[in-house]
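**Q** Have a look at this one before I ask anything.
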Protein chains: 2
Amino acid sequence: MSDSDDTAAVRPLNAQVREALDRLSSSERKVGRAILANYPIAGLGTVAELADRAGVSPPTVVRFVSRLGFSGYPAFQKQLVREVHERLGSPLEQYGRDDLLPAHGDLARAGRVFAASIAATIGELPPSEFERTVGLLSDARRVRLIGGRFSRLLAEYLGAHLMLLRGDVQVIGGDEFTRLSVVEDTRRGDVIVVFDYRRYDPRVVRLAQRIAERGADLVLFTDQWLSPAAEHAATVLPANVEAPSPFDSLVGALAVVETLVAAVTDRLGEAGRQRLAAMEETRGTPG
Amino acid sequence: MSDSDDTAAVRPLNAQVREALDRLSSSERKVGRAILANYPIAGLGTVAELADRAGVSPPTVVRFVSRLGFSGYPAFQKQLVREVHERLGSPLEQYGRDDLLPAHGDLARAGRVFAASIAATIGELPPSEFERTVGLLSDARRVRLIGGRFSRLLAEYLGAHLMLLRGDVQVIGGDEFTRLSVVEDTRRGDVIVVFDYRRYDPRVVRLAQRIAERGADLVLFTDQWLSPAAEHAATVLPANVEAPSPFDSLVGALAVVETLVAAVTDRLGEAGRQRLAAMEETRGTPG
DNA sequence: CATCCGCTGTAACGTATGTTTCACCACGAG
DNA sequence: CTCGTGGTGAAACATACGTTACAGCGGATG
């Protein structure tokens, strides 16, 4: 199939038309003007409509698009639609302005609460704490992660990503024996990442304390009221847990984790990328 | 002259589609989702293309637009084009808000992206799909959950909350044997919750298909481009996965999950509260 | 278990659409 | 003034598109 002539034009269509104007005949130029005059809607209708708008005959329109290098009007239109799609961009652009939200309905309300929570969480995050944490996670000899009832999932999430970027990463499970043995072989230079949101898990807090006492650096993810473990932490990354429901929300916390992952990825740069590529290689197609 | 039925709809078409979803039949709903999934480009092509994208036949597409009150597909498309033109119209749209927030820096930028992502995700969520999902999760005889590499954590998170609110909830692990046996004992009235974000896990998709064929209702959490499993789903809950990093983000997805948990909690009301209290009782203070 | 109703895809249909052909016209050169 | 050339639109054409009719299927209902 020779769709190459259709996709050859990667440049914006209106610019393409503008530059081609002087290569065209008088009537064809009218078509070009009509398109540029109200772009892109003029090109989204039928040939007859466009011809009418330009004050020329349908064949002239066809000659026009073929002069631009397209195989026919449908090809031209397809390109135009693709371009429109890109210009409208992702839904993100539309919701960037908060006054666009319809504002009625429980869902919309929930959306606003979440968005505000995120903004508050990231906005309040001390850049210095964040940078120090990035450094710790990137350079530590060994990283181990632990969490509570629900926040354990965040630990696994962060752990999974870190494993992609560096070695010696371990997510600590829930059983007592594992936890105790972890304390024993903790040394200076280790980093322990603790997730502890209210109601703060006493076991997690105690574990954090012991590990900190043995000289490891403690990175603490917690809520805006700070877990008791903050006392022993090297860096603290608080997140807003307010939610449009009786339960606490981990959305803000997840946002912090993902931002951190992005920063660590950036920091480890080439090394991380190589490691990642190697792992993809090894894995091949999953069995 | 009754061209009023074409111009009657002054409301945004995507909102119109979203609210009409529950008035539609199952296949027609697929068409609606296909349009919402990448709006508005999906509606700018031919009937055949849209039908193909939605996995239905052309007549279903025609029935869909006529159900929305249009005299035919051309009328529908014309309305869509007008809307596109208006949205592209104001250049404000494009450059509006980039520099408004004074605090620039990576963290602030990340915060804005996340907040916008959340707003887009929740805002685009069709209320009817949401409500149906709440109903399914509340009333199903049995609920089972499954996820991919990372999204498995979301499955566990939702599962953990559901277990607090109702019985017969099971999170399916990763090993092949468990998965196969799960397919076998699936019956009508079961609900399977699938998390599948790009790159879509073929094993998860296949499993979803088999389970749907056995008569279970499939609830699908996916990204804005829809996993292939959407074809067999009873309800689809898309989330925006765009992130300020090369990785995809699960923040939007988590927000959807938490919103859903809140709604189910609300729905199960007294029954759920009693169950919750009983469990607290049984557990006592953790040893 | 039989019956009905609604949903859905296959296939046939008519039409609107893009395209091609061709005659006409304007303009410039000889 | 005549001839030639490039540009243009009217009309004929073929295709692809949206639409309609119909039959098969599955799920509800008695």
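Residue numbers start at 1 in each chain; chains themselves are named A, B, ... in the order of the structure tokens; ligands are numbered from 1 in the order shown.
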Is it possible to see chain A as a short mmCIF file (atom, residue, chain, number, x, y, z; two decimals) with C-alpha atoms, in the first residue's frame, once it has been laid onto chain B by a least-squares fit on every C-alpha atom in order?

**A**
```
data_model
loop_
_atom_site.label_atom_id
_atom_site.label_comp_id
_atom_site.auth_asym_id
_atom_site.auth_seq_id
_atom_site.Cartn_x
_atom_site.Cartn_y
_atom_site.Cartn_z
CA MET A 1 -41.09 26.40 32.56
CA SER A 2 -41.91 24.92 29.16
CA ASP A 3 -38.57 23.93 27.81
CA SER A 4 -40.14 20.74 26.57
CA ASP A 5 -40.46 22.17 23.08
CA ASP A 6 -36.74 22.81 23.12
CA THR A 7 -35.64 19.38 24.16
CA ALA A 8 -38.31 17.46 22.30
CA ALA A 9 -35.99 16.88 19.39
CA VAL A 10 -33.59 14.17 20.39
CA ARG A 11 -32.89 13.14 16.81
CA PRO A 12 -29.85 14.56 15.06
CA LEU A 13 -30.63 18.02 13.83
CA ASN A 14 -29.28 17.59 10.34
CA ALA A 15 -31.46 14.52 9.78
CA GLN A 16 -34.38 16.46 11.16
CA VAL A 17 -33.74 19.28 8.72
CA ARG A 18 -33.35 16.92 5.81
CA GLU A 19 -36.67 15.27 6.38
CA ALA A 20 -38.46 18.53 6.95
CA LEU A 21 -37.23 20.03 3.69
CA ASP A 22 -40.30 19.17 1.65
CA ARG A 23 -42.67 20.56 4.21
CA LEU A 24 -41.07 23.96 3.82
CA SER A 25 -41.54 26.85 1.47
CA SER A 26 -39.00 27.68 -1.17
CA SER A 27 -37.07 30.29 0.82
CA GLU A 28 -37.18 28.27 3.97
CA ARG A 29 -35.72 25.39 2.02
CA LYS A 30 -32.82 27.63 1.09
CA VAL A 31 -32.15 28.06 4.78
CA GLY A 32 -32.20 24.34 5.29
CA ARG A 33 -29.79 23.78 2.42
CA ALA A 34 -27.48 26.44 3.77
CA ILE A 35 -27.36 24.68 7.12
CA LEU A 36 -26.80 21.25 5.65
CA ALA A 37 -24.23 22.61 3.22
CA ASN A 38 -21.72 23.25 5.91
CA TYR A 39 -22.99 21.78 9.05
CA PRO A 40 -22.98 22.76 11.83
CA ILE A 41 -21.03 25.96 11.60
CA ALA A 42 -23.76 27.73 9.67
CA GLY A 43 -26.10 27.41 12.60
CA LEU A 44 -23.69 28.64 15.22
CA GLY A 45 -23.64 32.29 14.14
CA THR A 46 -26.31 34.94 14.27
CA VAL A 47 -29.63 34.93 12.46
CA ALA A 48 -28.41 37.68 10.16
CA GLU A 49 -25.34 35.69 9.13
CA LEU A 50 -27.33 32.59 8.37
CA ALA A 51 -29.90 34.62 6.45
CA ASP A 52 -27.13 36.20 4.43
CA ARG A 53 -25.53 32.87 3.69
CA ALA A 54 -28.85 31.45 2.53
CA GLY A 55 -29.71 34.54 0.56
CA VAL A 56 -32.92 35.23 2.43
CA SER A 57 -34.10 37.67 5.04
CA PRO A 58 -33.75 37.22 8.80
CA PRO A 59 -37.48 36.66 9.39
CA THR A 60 -37.38 33.70 7.05
CA VAL A 61 -34.74 32.10 9.19
CA VAL A 62 -36.85 32.61 12.26
CA ARG A 63 -39.87 31.11 10.56
CA PHE A 64 -37.70 28.20 9.52
CA VAL A 65 -36.65 27.24 13.02
CA SER A 66 -40.11 27.75 14.37
CA ARG A 67 -41.40 25.44 11.64
CA LEU A 68 -39.02 22.82 13.00
CA GLY A 69 -40.74 23.03 16.33
CA PHE A 70 -38.39 25.28 18.25
CA SER A 71 -39.59 28.18 20.33
CA GLY A 72 -37.05 30.46 18.68
CA TYR A 73 -33.61 30.74 17.24
CA PRO A 74 -31.80 30.56 20.60
CA ALA A 75 -33.51 27.27 21.38
CA PHE A 76 -32.50 25.89 18.01
CA GLN A 77 -28.93 27.01 18.55
CA LYS A 78 -28.77 25.52 22.00
CA GLN A 79 -29.80 22.15 20.65
CA LEU A 80 -27.17 22.44 17.96
CA VAL A 81 -24.46 23.20 20.48
CA ARG A 82 -25.40 20.21 22.57
CA GLU A 83 -25.16 18.05 19.51
CA VAL A 84 -21.77 19.42 18.58
CA HIS A 85 -20.54 18.67 22.04
CA GLU A 86 -21.62 15.06 21.73
CA ARG A 87 -20.08 14.65 18.33
CA LEU A 88 -16.77 16.00 19.51
CA GLY A 89 -17.18 13.50 22.26
CA SER A 90 -14.88 13.00 25.15
CA PRO A 91 -11.26 14.04 24.99
CA LEU A 92 -10.54 10.36 24.72
CA GLU A 93 -11.37 10.35 21.04
CA GLN A 94 -8.80 12.96 20.30
CA TYR A 95 -6.00 11.28 22.14
CA GLY A 96 -6.71 7.89 20.69
CA ARG A 97 -4.39 8.87 17.88
CA ASP A 98 -1.00 9.22 19.42
CA ASP A 99 0.29 11.62 16.82
CA LEU A 100 -2.00 14.28 18.20
CA LEU A 101 0.06 14.69 21.32
CA PRO A 102 1.95 17.96 21.21
CA ALA A 103 5.01 15.97 22.17
CA HIS A 104 6.83 18.78 23.87
CA GLY A 105 7.18 19.23 27.59
CA ASP A 106 7.77 16.90 30.46
CA LEU A 107 4.09 16.31 30.97
CA ALA A 108 3.54 15.07 27.47
CA ARG A 109 6.51 12.77 27.81
CA ALA A 110 5.16 11.39 31.06
CA GLY A 111 1.79 10.86 29.41
CA ARG A 112 3.32 8.83 26.64
CA VAL A 113 5.31 6.69 29.04
CA PHE A 114 2.25 5.93 31.09
CA ALA A 115 0.11 5.17 28.07
CA ALA A 116 2.76 2.83 26.71
CA SER A 117 3.07 1.16 30.08
CA ILE A 118 -0.66 0.53 30.21
CA ALA A 119 -0.77 -0.79 26.69
CA ALA A 120 2.13 -3.14 27.42
CA THR A 121 0.62 -4.31 30.69
CA ILE A 122 -2.82 -5.12 29.36
CA GLY A 123 -1.49 -6.40 26.07
CA GLU A 124 0.85 -8.89 27.75
CA LEU A 125 -1.79 -10.11 30.14
CA PRO A 126 -2.52 -13.78 29.37
CA PRO A 127 -6.27 -14.03 28.80
CA SER A 128 -6.40 -17.47 30.36
CA GLU A 129 -4.80 -16.28 33.59
CA PHE A 130 -7.18 -13.38 33.62
CA GLU A 131 -10.25 -15.58 33.13
CA ARG A 132 -9.16 -18.04 35.77
CA THR A 133 -8.69 -15.18 38.21
CA VAL A 134 -12.15 -13.88 37.46
CA GLY A 135 -13.51 -17.32 38.21
CA LEU A 136 -11.60 -17.63 41.45
CA LEU A 137 -12.67 -14.26 42.75
CA SER A 138 -16.28 -14.85 41.79
CA ASP A 139 -16.73 -18.37 43.13
CA ALA A 140 -14.39 -18.61 46.09
CA ARG A 141 -15.91 -19.33 49.44
CA ARG A 142 -13.87 -16.59 50.99
CA VAL A 143 -11.50 -13.97 49.60
CA ARG A 144 -8.74 -12.33 51.56
CA LEU A 145 -6.32 -9.70 50.32
CA ILE A 146 -2.91 -8.57 51.43
CA GLY A 147 -0.29 -6.17 50.13
CA GLY A 148 3.03 -4.54 50.84
CA ARG A 149 3.99 -1.03 51.79
CA PHE A 150 2.31 0.75 48.89
CA SER A 151 0.55 -2.08 47.15
CA ARG A 152 -1.59 -2.50 50.26
CA LEU A 153 -3.64 0.34 48.81
CA LEU A 154 -4.37 -1.72 45.72
CA ALA A 155 -5.48 -4.56 47.99
CA GLU A 156 -7.88 -2.22 49.75
CA TYR A 157 -9.13 -0.89 46.45
CA LEU A 158 -9.86 -4.31 45.03
CA GLY A 159 -11.27 -5.43 48.35
CA ALA A 160 -13.65 -2.50 48.55
CA HIS A 161 -15.03 -3.30 45.15
CA LEU A 162 -15.33 -7.02 45.80
CA MET A 163 -17.23 -6.31 49.00
CA LEU A 164 -19.78 -4.52 46.90
CA LEU A 165 -20.20 -7.56 44.70
CA ARG A 166 -20.01 -10.51 47.07
CA GLY A 167 -19.66 -11.51 50.69
CA ASP A 168 -16.78 -12.88 52.75
CA VAL A 169 -14.15 -10.43 51.64
CA GLN A 170 -11.48 -9.31 54.04
CA VAL A 171 -8.47 -7.04 53.69
CA ILE A 172 -5.68 -8.14 55.97
CA GLY A 173 -3.91 -5.41 57.90
CA GLY A 174 -0.28 -5.07 58.66
CA ASP A 175 0.13 -6.36 62.20
CA GLU A 176 1.89 -9.64 62.73
CA PHE A 177 -0.74 -11.21 64.94
CA THR A 178 -3.55 -10.81 62.43
CA ARG A 179 -1.42 -12.29 59.71
CA LEU A 180 -0.51 -15.33 61.71
CA SER A 181 -4.05 -16.03 62.75
CA VAL A 182 -5.11 -15.76 59.14
CA VAL A 183 -2.76 -18.56 58.21
CA GLU A 184 -4.22 -20.80 60.86
CA ASP A 185 -7.81 -20.73 59.69
CA THR A 186 -7.05 -21.04 56.00
CA ARG A 187 -8.82 -23.92 54.31
CA ARG A 188 -9.10 -25.37 50.87
CA GLY A 189 -11.50 -23.28 48.78
CA ASP A 190 -10.24 -20.02 50.18
CA VAL A 191 -8.64 -17.52 47.87
CA ILE A 192 -5.85 -15.24 48.98
CA VAL A 193 -4.98 -12.29 46.81
CA VAL A 194 -1.43 -11.06 47.21
CA PHE A 195 0.04 -7.82 45.89
CA ASP A 196 3.80 -7.91 45.77
CA TYR A 197 5.94 -5.62 43.67
CA ARG A 198 9.64 -5.06 43.90
CA ARG A 199 11.37 -4.74 46.18
CA TYR A 200 9.46 -7.82 47.18
CA ASP A 201 8.44 -7.83 50.81
CA PRO A 202 9.87 -11.01 52.43
CA ARG A 203 7.08 -11.09 55.00
CA VAL A 204 4.46 -11.06 52.31
CA VAL A 205 6.24 -13.75 50.34
CA ARG A 206 6.54 -15.98 53.37
CA LEU A 207 2.91 -15.50 54.27
CA ALA A 208 1.88 -16.34 50.72
CA GLN A 209 3.85 -19.52 50.83
CA ARG A 210 2.34 -20.71 54.12
CA ILE A 211 -1.16 -19.97 52.97
CA ALA A 212 -0.64 -21.77 49.70
CA GLU A 213 0.67 -24.78 51.56
CA ARG A 214 -2.56 -24.98 53.48
CA GLY A 215 -4.47 -25.48 50.24
CA ALA A 216 -5.76 -22.01 49.45
CA ASP A 217 -5.62 -20.67 45.92
CA LEU A 218 -3.16 -17.83 45.56
CA VAL A 219 -3.84 -14.96 43.18
CA LEU A 220 -0.72 -12.88 42.71
CA PHE A 221 -0.47 -9.33 41.43
CA THR A 222 3.14 -8.50 40.76
CA ASP A 223 5.50 -6.72 38.39
CA GLN A 224 6.90 -7.91 35.09
CA TRP A 225 9.86 -9.61 36.80
CA LEU A 226 7.60 -11.67 39.06
CA SER A 227 7.75 -11.84 42.81
CA PRO A 228 9.23 -15.02 44.34
CA ALA A 229 5.73 -15.76 45.51
CA ALA A 230 4.83 -16.62 41.93
CA GLU A 231 6.12 -20.09 42.66
CA HIS A 232 3.09 -20.90 44.78
CA ALA A 233 0.49 -18.98 42.84
CA ALA A 234 -2.57 -20.37 41.11
CA THR A 235 -2.69 -17.37 38.80
CA VAL A 236 -0.23 -14.54 38.22
CA LEU A 237 -1.16 -11.11 36.88
CA PRO A 238 1.97 -9.14 36.07
CA ALA A 239 1.95 -5.41 35.45
CA ASN A 240 4.53 -3.11 33.97
CA VAL A 241 5.91 -0.83 36.67
CA GLU A 242 8.05 1.41 34.53
CA ALA A 243 7.52 5.08 35.20
CA PRO A 244 8.92 8.43 34.07
CA SER A 245 10.49 8.81 37.52
CA PRO A 246 12.88 6.98 39.81
CA PHE A 247 9.95 5.44 41.65
CA ASP A 248 8.07 2.46 40.34
CA SER A 249 4.59 3.05 39.03
CA LEU A 250 1.42 1.32 40.14
CA VAL A 251 -0.62 2.73 37.28
CA GLY A 252 -0.43 -0.45 35.24
CA ALA A 253 -1.29 -2.54 38.26
CA LEU A 254 -4.30 -0.37 39.00
CA ALA A 255 -5.46 -0.78 35.43
CA VAL A 256 -5.31 -4.55 35.82
CA VAL A 257 -7.28 -4.34 39.05
CA GLU A 258 -9.97 -2.21 37.51
CA THR A 259 -10.23 -4.45 34.47
CA LEU A 260 -10.61 -7.37 36.80
CA VAL A 261 -13.31 -5.61 38.77
CA ALA A 262 -15.18 -4.95 35.54
CA ALA A 263 -14.95 -8.61 34.56
CA VAL A 264 -16.07 -9.87 37.96
CA THR A 265 -18.96 -7.43 37.93
CA ASP A 266 -19.93 -8.79 34.57
CA ARG A 267 -19.66 -12.38 35.74
CA LEU A 268 -21.62 -11.99 38.93
CA GLY A 269 -24.14 -10.11 36.88
CA GLU A 270 -27.61 -10.07 38.34
CA ALA A 271 -26.60 -11.40 41.73
CA GLY A 272 -24.01 -8.70 42.16
CA ARG A 273 -26.36 -6.01 41.02
CA GLN A 274 -29.00 -7.07 43.50
CA ARG A 275 -26.49 -7.09 46.30
CA LEU A 276 -25.28 -3.68 45.32
CA ALA A 277 -28.79 -2.27 45.21
CA ALA A 278 -29.56 -3.75 48.60
CA MET A 279 -26.50 -2.12 50.10
CA GLU A 280 -27.37 1.25 48.63
CA GLU A 281 -30.79 0.80 50.21
CA THR A 282 -29.42 -0.05 53.61
CA ARG A 283 -26.98 2.76 53.63
CA GLY A 284 -29.48 5.45 52.69
CA THR A 285 -28.06 8.90 53.12
CA PRO A 286 -24.73 8.90 54.90
CA GLY A 287 -24.88 10.33 58.40
#
```

**Q** With a distance cut-off of 12 Å and only C-alpha atoms (C1' of nucleotides), select the neighbouring residues of DT21 (chain C), excluding the residue or stretch itself and same-chain residues fewer than 3 positions from it, and output the selection as number ranges by chain.

**A** A: 59; D: 9-13

**Q** Need to verify the contact set: DG6 (chain C), 10 Å, only C-alpha atoms (C1' of nucleotides), exclusion of same-chain residues closer than 4 positions in sequence. Can you return it as a ChimeraX atom specification?

**A** /B:25 /D:26-28

**Q** So that I have them on file, write out the residues from the current selection with C-alpha atoms (C1' of nucleotides), as an mmCIF file, in the first residue's frame.

**A**
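Done, and the output landed in again.cif:
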```
data_model
loop_
_atom_site.group_PDB
_atom_site.id
_atom_site.type_symbol
_atom_site.label_atom_id
_atom_site.label_comp_id
_atom_site.auth_asym_id
_atom_site.auth_seq_id
_atom_site.Cartn_x
_atom_site.Cartn_y
_atom_site.Cartn_z
ATOM 1 C CA SER B 25 -27.847 -1.020 24.614
ATOM 2 C "C1'" DG D 26 -29.969 -14.799 23.205
ATOM 3 C "C1'" DG D 27 -32.133 -13.474 27.322
ATOM 4 C "C1'" DA D 28 -36.363 -12.500 29.771
#
```

**Q** Please return, as a PyMOL selection string, all residues of region 191-250 of chain A that DSSP assigns to strand (DSSP E or B) on the basis of the backbone.

**A** chain A and resi 191-196+217-223+235-239

**Q** Check every residue of chain C for an atom within 12 Å of chain B, counting only C-alpha atoms (C1' of nucleotides), and provide those that qualify as a PyMOL selection string.

**A** chain C and resi 6-11+16

**Q** With C-alpha atoms (C1' of nucleotides) kept, could you save the residues just selected as a short mmCIF file (atom, residue, chain, number, x, y, z; two decimals), in the first residue's frame?

**A**
```
data_model
loop_
_atom_site.label_atom_id
_atom_site.label_comp_id
_atom_site.auth_asym_id
_atom_site.auth_seq_id
_atom_site.Cartn_x
_atom_site.Cartn_y
_atom_site.Cartn_z
"C1'" DG C 6 -35.23 -6.65 21.85
"C1'" DC C 7 -30.75 -6.50 20.12
"C1'" DT C 8 -27.31 -7.21 16.53
"C1'" DG C 9 -24.97 -8.30 12.25
"C1'" DT C 10 -25.36 -9.58 7.10
"C1'" DA C 11 -26.67 -8.15 2.92
"C1'" DA C 16 -24.29 11.64 -2.26
#
```

**Q** Between D:DT29, D:DT5, D:DT20, D:DT15, which has the minimum distance to chain B (counting only C-alpha atoms (C1' of nucleotides))?

**A** D:DT20

**Q** To one decimal place, how far is C1' of DT8 (chain D) from C1' of DG28 (chain C) in Å?

**A**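 Between these atoms lies a distance of 17.6 Å.
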